[in-house]
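What's in final_24.txt: compact mmCIF, C-alpha atoms and all ligand atoms
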# COMPACT_ATOMS: atom_id res chain seq x y z
CA MET A 1 93.95 189.26 -39.13
CA LEU A 2 92.07 191.10 -36.46
CA GLY A 3 88.44 192.08 -36.62
CA PRO A 4 84.95 191.26 -35.44
CA VAL A 5 83.23 188.05 -36.42
CA GLY A 6 82.03 188.41 -40.00
CA SER A 7 84.62 191.02 -40.95
CA GLY A 8 86.04 188.65 -43.58
CA LYS A 9 89.18 187.45 -41.74
CA GLY A 10 88.80 183.90 -43.07
CA SER A 11 87.96 184.85 -46.66
CA TYR A 12 90.80 187.38 -47.07
CA SER A 13 93.29 185.09 -45.33
CA LYS A 14 92.47 182.22 -47.69
CA VAL A 15 92.95 184.33 -50.82
CA LEU A 16 96.19 185.92 -49.58
CA ALA A 17 97.61 182.58 -48.45
CA LYS A 18 96.90 181.02 -51.83
CA GLU A 19 98.22 183.96 -53.85
CA TYR A 20 101.43 184.56 -51.88
CA GLY A 21 102.17 181.11 -50.45
CA PHE A 22 101.62 181.90 -46.77
CA LYS A 23 100.44 179.18 -44.45
CA HIS A 24 96.87 179.97 -43.37
CA LEU A 25 96.15 179.11 -39.76
CA SER A 26 92.54 179.59 -38.69
CA THR A 27 91.80 178.79 -35.06
CA GLY A 28 88.07 178.63 -35.91
CA ASP A 29 88.74 175.97 -38.58
CA LEU A 30 91.00 174.00 -36.23
CA LEU A 31 88.27 174.05 -33.58
CA ARG A 32 85.60 173.01 -36.09
CA GLU A 33 87.83 170.07 -37.17
CA GLU A 34 88.08 168.95 -33.56
CA ILE A 35 84.29 169.30 -33.17
CA SER A 36 83.60 167.17 -36.27
CA SER A 37 85.99 164.47 -35.05
CA GLY A 38 83.33 163.72 -32.42
CA SER A 39 85.88 163.65 -29.55
CA ALA A 40 84.97 164.57 -25.96
CA LEU A 41 87.24 167.61 -26.32
CA GLY A 42 85.29 168.51 -29.49
CA GLN A 43 82.02 168.42 -27.56
CA ASP A 44 83.42 170.75 -24.86
CA ILE A 45 84.62 173.11 -27.58
CA LYS A 46 81.23 173.04 -29.32
CA ASN A 47 79.44 174.03 -26.11
CA LYS A 48 81.63 177.12 -25.81
CA VAL A 49 81.57 178.07 -29.51
CA ASP A 50 77.77 177.68 -29.72
CA ALA A 51 77.38 179.96 -26.72
CA GLY A 52 79.48 182.64 -28.44
CA GLU A 53 82.24 182.22 -25.82
CA PHE A 54 85.96 181.71 -26.28
CA VAL A 55 87.65 178.36 -25.73
CA PRO A 56 90.37 178.29 -23.03
CA ASP A 57 93.63 180.10 -23.88
CA ASP A 58 95.85 177.11 -23.01
CA LEU A 59 94.10 174.91 -25.54
CA MET A 60 94.22 177.60 -28.20
CA ILE A 61 97.91 178.32 -27.64
CA GLU A 62 98.76 174.61 -27.83
CA MET A 63 96.74 174.13 -31.03
CA ILE A 64 98.26 177.08 -32.85
CA GLY A 65 101.80 176.75 -31.45
CA ASN A 66 102.09 173.21 -32.82
CA ARG A 67 101.32 174.38 -36.32
CA MET A 68 103.20 177.65 -36.70
CA GLU A 69 106.03 177.38 -39.22
CA GLY A 70 107.36 179.67 -41.96
CA ASP A 71 105.32 182.72 -42.96
CA CYS A 72 101.83 182.36 -41.57
CA ILE A 73 98.61 184.33 -41.73
CA LEU A 74 96.96 183.96 -38.37
CA ASP A 75 93.20 184.14 -38.70
CA GLY A 76 91.31 184.39 -35.43
CA PHE A 77 94.41 184.42 -33.20
CA PRO A 78 95.26 186.19 -30.95
CA ARG A 79 91.81 187.06 -29.69
CA ASN A 80 92.60 188.50 -26.28
CA LEU A 81 95.50 190.18 -24.48
CA LYS A 82 96.82 187.00 -22.90
CA GLN A 83 97.13 185.31 -26.28
CA ALA A 84 98.68 188.45 -27.78
CA GLU A 85 101.30 188.69 -25.04
CA LEU A 86 102.40 185.13 -25.77
CA LEU A 87 102.69 185.72 -29.48
CA LYS A 88 106.04 187.43 -29.85
CA ASP A 89 106.99 187.06 -33.48
CA ILE A 90 104.45 189.12 -35.40
CA ASP A 91 105.14 191.49 -38.31
CA LYS A 92 101.84 193.24 -39.04
CA VAL A 93 98.30 193.26 -37.74
CA VAL A 94 95.55 193.92 -40.25
CA PHE A 95 92.46 195.23 -38.48
CA LEU A 96 89.31 194.78 -40.58
CA ASP A 97 86.93 197.50 -39.44
CA VAL A 98 83.22 196.75 -39.97
CA PRO A 99 80.25 198.15 -37.99
CA ASP A 100 78.17 195.78 -35.83
CA GLU A 101 74.96 196.12 -37.91
CA VAL A 102 76.82 195.01 -41.03
CA VAL A 103 78.33 192.03 -39.21
CA ILE A 104 74.91 190.90 -38.00
CA GLU A 105 73.44 191.13 -41.49
CA ARG A 106 76.40 189.35 -43.13
CA LEU A 107 76.64 186.50 -40.64
CA THR A 108 73.00 185.63 -40.35
CA GLN A 109 72.88 185.36 -44.16
CA ARG A 110 76.11 183.47 -44.80
CA ARG A 111 76.36 179.74 -45.48
CA MET A 112 79.36 177.41 -45.33
CA CYS A 113 80.18 174.27 -47.34
CA LYS A 114 80.29 171.06 -45.30
CA LYS A 115 82.92 169.59 -47.60
CA CYS A 116 85.44 172.32 -48.52
CA GLY A 117 84.66 175.03 -45.94
CA ARG A 118 83.97 177.69 -48.58
CA ILE A 119 81.88 180.58 -47.31
CA TYR A 120 79.08 182.16 -49.35
CA GLY A 121 77.33 185.47 -48.66
CA LEU A 122 74.06 186.71 -50.08
CA ASN A 123 75.78 188.12 -53.17
CA ASP A 124 77.53 184.94 -54.30
CA MET A 125 75.11 182.29 -53.03
CA PRO A 126 74.73 179.47 -55.57
CA SER A 127 71.19 178.44 -56.49
CA GLY A 128 70.01 175.38 -54.56
CA SER A 129 71.95 174.61 -51.42
CA THR A 130 75.03 173.13 -53.06
CA CYS A 131 78.59 174.44 -53.19
CA GLU A 132 80.55 174.56 -56.46
CA CYS A 133 82.51 171.54 -55.16
CA GLY A 134 79.27 169.56 -54.72
CA GLY A 135 79.24 169.87 -50.91
CA GLU A 136 76.10 170.76 -48.98
CA LEU A 137 75.75 174.31 -47.63
CA TYR A 138 74.69 174.89 -44.04
CA GLN A 139 74.32 177.66 -41.49
CA ARG A 140 76.85 177.41 -38.67
CA ASP A 141 75.11 177.12 -35.29
CA ASP A 142 77.19 180.07 -34.13
CA ASP A 143 75.90 182.22 -37.03
CA LYS A 144 72.35 182.30 -35.62
CA GLU A 145 71.43 185.85 -34.64
CA GLU A 146 71.40 185.47 -30.85
CA VAL A 147 74.83 183.79 -30.95
CA VAL A 148 76.20 186.43 -33.34
CA ARG A 149 75.19 189.11 -30.79
CA GLU A 150 76.99 187.16 -28.03
CA ARG A 151 80.08 186.78 -30.24
CA LEU A 152 80.09 190.50 -30.93
CA GLU A 153 79.80 191.27 -27.25
CA THR A 154 82.74 188.91 -26.55
CA TYR A 155 84.70 190.58 -29.36
CA HIS A 156 84.18 194.09 -27.96
CA ARG A 157 85.05 193.04 -24.45
CA LEU A 158 88.07 190.78 -25.06
CA THR A 159 89.44 191.32 -28.57
CA GLU A 160 88.99 195.04 -29.16
CA PRO A 161 91.70 195.96 -26.59
CA LEU A 162 94.17 194.43 -29.06
CA ILE A 163 93.61 197.40 -31.37
CA ASP A 164 95.35 199.74 -28.90
CA PHE A 165 97.86 197.05 -27.92
CA TYR A 166 99.12 196.68 -31.51
CA SER A 167 98.65 200.32 -32.38
CA GLU A 168 101.04 201.30 -29.57
CA LYS A 169 103.59 198.85 -30.97
CA GLY A 170 103.24 200.47 -34.42
CA LEU A 171 102.06 197.19 -35.97
CA LEU A 172 98.41 197.98 -36.65
CA ILE A 173 97.05 198.58 -40.15
CA LYS A 174 93.42 199.66 -40.07
CA ILE A 175 91.37 198.75 -43.15
CA ASN A 176 87.85 199.95 -43.89
CA ALA A 177 86.33 196.52 -44.59
CA ASN A 178 82.78 197.71 -45.11
CA ASP A 179 82.94 197.44 -48.89
CA ASN A 180 82.79 194.72 -51.49
CA PHE A 181 85.30 191.88 -51.33
CA ASP A 182 87.61 192.88 -54.19
CA ILE A 183 87.91 196.50 -53.08
CA VAL A 184 88.81 195.47 -49.53
CA LEU A 185 91.26 192.83 -50.80
CA GLU A 186 93.07 195.50 -52.84
CA ARG A 187 93.21 197.78 -49.78
CA ILE A 188 94.82 195.00 -47.76
CA LYS A 189 97.37 194.17 -50.46
CA GLU A 190 98.30 197.79 -50.86
CA ALA A 191 98.64 198.33 -47.13
CA LEU A 192 100.90 195.27 -46.87
CA SER A 193 102.84 196.26 -50.02
CA LEU A 194 101.99 192.92 -51.62
P1 LIG B 1 85.89 181.96 -36.06
O1 LIG B 1 85.65 180.94 -37.10
O2 LIG B 1 87.27 182.58 -36.13
O3 LIG B 1 84.80 183.00 -35.99
O4 LIG B 1 85.87 181.20 -34.63
C1 LIG B 1 84.69 180.53 -34.19
C2 LIG B 1 84.70 180.43 -32.68
O5 LIG B 1 85.84 179.66 -32.23
C3 LIG B 1 84.81 181.74 -31.93
O6 LIG B 1 83.55 182.40 -31.80
C4 LIG B 1 85.35 181.25 -30.58
O7 LIG B 1 84.33 180.64 -29.81
C5 LIG B 1 86.33 180.16 -30.99
N1 LIG B 1 87.70 180.69 -31.19
C6 LIG B 1 88.32 180.89 -32.39
N2 LIG B 1 89.56 181.41 -32.21
C7 LIG B 1 89.72 181.54 -30.86
C8 LIG B 1 90.77 182.03 -30.04
N3 LIG B 1 91.93 182.51 -30.56
N4 LIG B 1 90.59 182.02 -28.69
C9 LIG B 1 89.44 181.54 -28.15
N5 LIG B 1 88.40 181.08 -28.86
C10 LIG B 1 88.53 181.06 -30.21

Would you mind writing the file out in structure tokens?
Ligand code: AMP
Amino acid sequence: MLGPVGSGKGSYSKVLAKEYGFKHLSTGDLLREEISSGSALGQDIKNKVDAGEFVPDDLMIEMIGNRMEGDCILDGFPRNLKQAELLKDIDKVVFLDVPDEVVIERLTQRRMCKKCGRIYGLNDMPSGSTCECGGELYQRDDDKEEVVRERLETYHRLTEPLIDFYSEKGLLIKINANDNFDIVLERIKEALSL
């Protein structure tokens, strides 16, 4: 899944993985797990993530490489050309296209569950600050507006070149992701012949 922060990579990946039995690998989730473990490595990662920067490629490649098995949906990886060049075995790249203004609005309004990781937007936010599973909802530090702008800048500079990279290989599927969740999900399924 390729796309700017807030394009829905995580949400669509989760649904597709559950429905079709793919293994969902989210580098963002793996990094957040390491951060919550309280390790020294986690603290280094947090400093980078909270600044809207990428964590080092070597670390990312090790984390994801150890976990890739069977049919996977990669969510948040690769995020730059170096990572893409190392990832050989890839069937399709779904590019979720959403304009920057929409990303900024979506991300600064979204909340995540501390317990199950579920993400809520303005349209499906439960009343009170509690997830359906009972977990507390919070705003990720990297979803604050100034960090979102940094993350977008990083995306345009380092990740966007992957659009041409995969397009030239004939692997890219561009999806207009500036619509409601179910419509976009159907577009993805149709484009992947699922
Ligand atoms: P995400 O949840 O996918 O938005 O990822 C949150 C943050 O984790 C990103 O803003 C980056 O700082 C970091 N991150 C996630 N995936 C990668 C990756 N493949 N390479 C480098 N940094 C990453």

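With all atoms listed in the file as the atoms that count, the set of residues no farther than 7 Å from ligand LIG 1 (chain B) is Val5, Ser26, Thr27, Gly28, Asp29, Leu31, Lys48, Val49, Gly52, Glu53, Phe54, Val55, Pro56, Asp57, Met60, Asp75, Gly76, Phe77, Pro78, Arg79 and Arg151 of chain A.
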
Could those residues be written to a file, using C-alpha atoms, as a PDB file, in the frame of the given file?
ATOM      1  CA  VAL A   5      83.230 188.050 -36.420  1.00  0.00           C
ATOM      2  CA  SER A  26      92.540 179.590 -38.690  1.00  0.00           C
ATOM      3  CA  THR A  27      91.800 178.790 -35.060  1.00  0.00           C
ATOM      4  CA  GLY A  28      88.070 178.630 -35.910  1.00  0.00           C
ATOM      5  CA  ASP A  29      88.740 175.970 -38.580  1.00  0.00           C
ATOM      6  CA  LEU A  31      88.270 174.050 -33.580  1.00  0.00           C
ATOM      7  CA  LYS A  48      81.630 177.120 -25.810  1.00  0.00           C
ATOM      8  CA  VAL A  49      81.570 178.070 -29.510  1.00  0.00           C
ATOM      9  CA  GLY A  52      79.480 182.640 -28.440  1.00  0.00           C
ATOM     10  CA  GLU A  53      82.240 182.220 -25.820  1.00  0.00           C
ATOM     11  CA  PHE A  54      85.960 181.710 -26.280  1.00  0.00           C
ATOM     12  CA  VAL A  55      87.650 178.360 -25.730  1.00  0.00           C
ATOM     13  CA  PRO A  56      90.370 178.290 -23.030  1.00  0.00           C
ATOM     14  CA  ASP A  57      93.630 180.100 -23.880  1.00  0.00           C
ATOM     15  CA  MET A  60      94.220 177.600 -28.200  1.00  0.00           C
ATOM     16  CA  ASP A  75      93.200 184.140 -38.700  1.00  0.00           C
ATOM     17  CA  GLY A  76      91.310 184.390 -35.430  1.00  0.00           C
ATOM     18  CA  PHE A  77      94.410 184.420 -33.200  1.00  0.00           C
ATOM     19  CA  PRO A  78      95.260 186.190 -30.950  1.00  0.00           C
ATOM     20  CA  ARG A  79      91.810 187.060 -29.690  1.00  0.00           C
ATOM     21  CA  ARG A 151      80.080 186.780 -30.240  1.00  0.00           C
TER      22      ARG A 151
END

Just the number, please: distance in Å from atom CA of A:Leu74 to atom CA of A:Lys189, one decimal. 15.8 Å

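Counting from atom CA of A:Asn176, the distance to atom CA of A:Thr154 is 21.2 Å.
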
Surrounding residues of A:Gly128 excluding itself and chain neighbours under 4 positions, 12 Å, all atoms listed in the file, as a PyMOL selection string: chain A and resi 111+132+134-138

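When only C-alpha atoms are used to compute distances to A:Gly3, the closest of the residues A:Glu153, A:Asp182, A:Glu145, A:Asp97 turns out to be A:Asp97.
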
Nearest candidate to A:Leu171 (options A:Leu86, A:Leu16, A:Val147, A:Ala191; using all atoms listed in the file): A:Ala191

Got a sec to check which residues sit within 8 Å of (82.3, 172.2, -47.7), counting only C-alpha atoms, and write them as a PyMOL selection string? chain A and resi 112-118+131+133+135-137

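Picture a line from atom CA of A:Phe95 to atom CA of A:Asp141; it runs 25.3 Å.
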
For A:Ile104, which of A:Arg32, A:Lys9, A:Arg149, A:Lys46 is the closest residue, counting only C-alpha atoms? A:Arg149

Between A:Gln43, A:Ser193, A:Thr108, A:Asn80, which is the closest to A:Val148 once you count all atoms listed in the file? A:Thr108

Counting all atoms listed in the file, the residue among A:Glu190, A:Glu101, A:Asp164, A:Asp124 that lies closest to A:Leu152 is A:Glu101

Write out as AutoDock Vina command-line options an axis-aligned box for stretch 135-153 of chain A: all of its atoms listed in the file, 6 Å added on each side, centre and edge lengths in Å with one decimal.
--center_x 75.7 --center_y 180.6 --center_z -39.1 --size_x 20.7 --size_y 33.4 --size_z 35.7

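Shortest atom-to-atom contact with A:Ile163 among A:Ala84, A:Leu122, A:Leu30, A:Ile183: A:Ala84, counting all atoms listed in the file.
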
Using only C-alpha atoms and a cutoff of 9 Å, can you tell me which residues are near (83.4, 195.3, -40.4) in the file's coordinates, and write them out as a ChimeraX atom specification? /A:3-8,96-103,176-179

Neighbour list for A:His24 as an MDAnalysis selection string, cut-off 10 Å, only C-alpha atoms, skip fewer than 3 positions in-chain: chainID A and resid 10 13:18 21 27 68 71:75

Should you be able to, write stretch 66-92 of chain A of this structure into a file that contains N, CA, C and O atoms, as a tab-separated table (two decimals), in the first residue's frame.
chain	number	residue	atom	x	y	z
A	66	ASN	N	12.27	-9.97	8.79
A	66	ASN	CA	12.09	-11.07	9.74
A	66	ASN	C	10.66	-11.59	9.78
A	66	ASN	O	10.42	-12.66	10.31
A	67	ARG	N	9.75	-10.80	9.31
A	67	ARG	CA	8.33	-11.15	9.48
A	67	ARG	C	7.62	-11.50	8.19
A	67	ARG	O	6.46	-11.89	8.21
A	68	MET	N	8.28	-11.35	7.05
A	68	MET	CA	7.60	-11.61	5.78
A	68	MET	C	7.48	-13.10	5.52
A	68	MET	O	8.47	-13.81	5.44
A	69	GLU	N	6.26	-13.58	5.41
A	69	GLU	CA	6.03	-14.99	5.05
A	69	GLU	C	4.66	-15.13	4.42
A	69	GLU	O	3.73	-14.40	4.79
A	70	GLY	N	4.52	-15.99	3.44
A	70	GLY	CA	3.23	-16.17	2.76
A	70	GLY	C	2.82	-14.92	2.01
A	70	GLY	O	3.65	-14.11	1.63
A	71	ASP	N	1.50	-14.76	1.82
A	71	ASP	CA	0.99	-13.58	1.11
A	71	ASP	C	0.81	-12.44	2.10
A	71	ASP	O	0.01	-12.54	3.02
A	72	CYS	N	1.54	-11.38	1.89
A	72	CYS	CA	1.50	-10.26	2.84
A	72	CYS	C	0.95	-9.00	2.17
A	72	CYS	O	1.14	-8.79	0.97
A	73	ILE	N	0.31	-8.17	2.98
A	73	ILE	CA	0.02	-6.80	2.57
A	73	ILE	C	1.02	-5.94	3.32
A	73	ILE	O	1.05	-5.95	4.56
A	74	LEU	N	1.85	-5.24	2.58
A	74	LEU	CA	2.83	-4.38	3.23
A	74	LEU	C	2.25	-2.98	3.33
A	74	LEU	O	1.90	-2.37	2.32
A	75	ASP	N	2.17	-2.50	4.55
A	75	ASP	CA	1.53	-1.21	4.82
A	75	ASP	C	2.60	-0.28	5.40
A	75	ASP	O	3.04	-0.47	6.52
A	76	GLY	N	3.02	0.67	4.57
A	76	GLY	CA	4.04	1.62	5.05
A	76	GLY	C	5.45	1.22	4.65
A	76	GLY	O	6.42	1.83	5.08
A	77	PHE	N	5.57	0.20	3.83
A	77	PHE	CA	6.89	-0.26	3.35
A	77	PHE	C	6.73	-0.76	1.92
A	77	PHE	O	5.77	-1.48	1.65
A	78	PRO	N	7.60	-0.43	0.99
A	78	PRO	CA	8.75	0.47	1.12
A	78	PRO	C	8.32	1.93	1.11
A	78	PRO	O	7.25	2.25	0.61
A	79	ARG	N	9.17	2.77	1.67
A	79	ARG	CA	8.83	4.19	1.76
A	79	ARG	C	9.86	5.07	1.08
A	79	ARG	O	9.72	6.30	1.08
A	80	ASN	N	10.88	4.46	0.52
A	80	ASN	CA	11.83	5.24	-0.28
A	80	ASN	C	12.46	4.29	-1.31
A	80	ASN	O	12.21	3.07	-1.27
A	81	LEU	N	13.28	4.85	-2.21
A	81	LEU	CA	13.81	4.02	-3.30
A	81	LEU	C	14.72	2.92	-2.81
A	81	LEU	O	14.71	1.81	-3.34
A	82	LYS	N	15.51	3.22	-1.76
A	82	LYS	CA	16.44	2.20	-1.27
A	82	LYS	C	15.65	0.97	-0.77
A	82	LYS	O	15.98	-0.17	-1.10
A	83	GLN	N	14.62	1.23	-0.01
A	83	GLN	CA	13.80	0.11	0.49
A	83	GLN	C	13.14	-0.63	-0.67
A	83	GLN	O	13.06	-1.86	-0.68
A	84	ALA	N	12.67	0.13	-1.66
A	84	ALA	CA	11.99	-0.49	-2.80
A	84	ALA	C	12.94	-1.37	-3.60
A	84	ALA	O	12.58	-2.46	-4.06
A	85	GLU	N	14.18	-0.92	-3.74
A	85	GLU	CA	15.13	-1.71	-4.53
A	85	GLU	C	15.46	-3.03	-3.85
A	85	GLU	O	15.77	-4.02	-4.50
A	86	LEU	N	15.36	-3.05	-2.52
A	86	LEU	CA	15.66	-4.29	-1.80
A	86	LEU	C	14.48	-5.26	-1.78
A	86	LEU	O	14.65	-6.44	-1.52
A	87	LEU	N	13.32	-4.72	-2.04
A	87	LEU	CA	12.12	-5.57	-1.99
A	87	LEU	C	11.85	-6.11	-3.39
A	87	LEU	O	11.32	-5.42	-4.24
A	88	LYS	N	12.24	-7.35	-3.61
A	88	LYS	CA	12.19	-7.90	-4.97
A	88	LYS	C	10.82	-8.49	-5.30
A	88	LYS	O	10.28	-8.30	-6.38
A	89	ASP	N	10.27	-9.22	-4.33
A	89	ASP	CA	9.14	-10.08	-4.63
A	89	ASP	C	7.83	-9.36	-4.35
A	89	ASP	O	7.24	-9.51	-3.30
A	90	ILE	N	7.38	-8.56	-5.32
A	90	ILE	CA	6.17	-7.77	-5.07
A	90	ILE	C	5.24	-7.90	-6.27
A	90	ILE	O	5.69	-7.87	-7.42
A	91	ASP	N	3.94	-8.14	-6.02
A	91	ASP	CA	3.02	-8.42	-7.12
A	91	ASP	C	2.34	-7.17	-7.64
A	91	ASP	O	2.19	-6.97	-8.85
A	92	LYS	N	1.83	-6.35	-6.70
A	92	LYS	CA	1.05	-5.17	-7.09
A	92	LYS	C	1.32	-4.07	-6.09
A	92	LYS	O	1.56	-4.33	-4.91
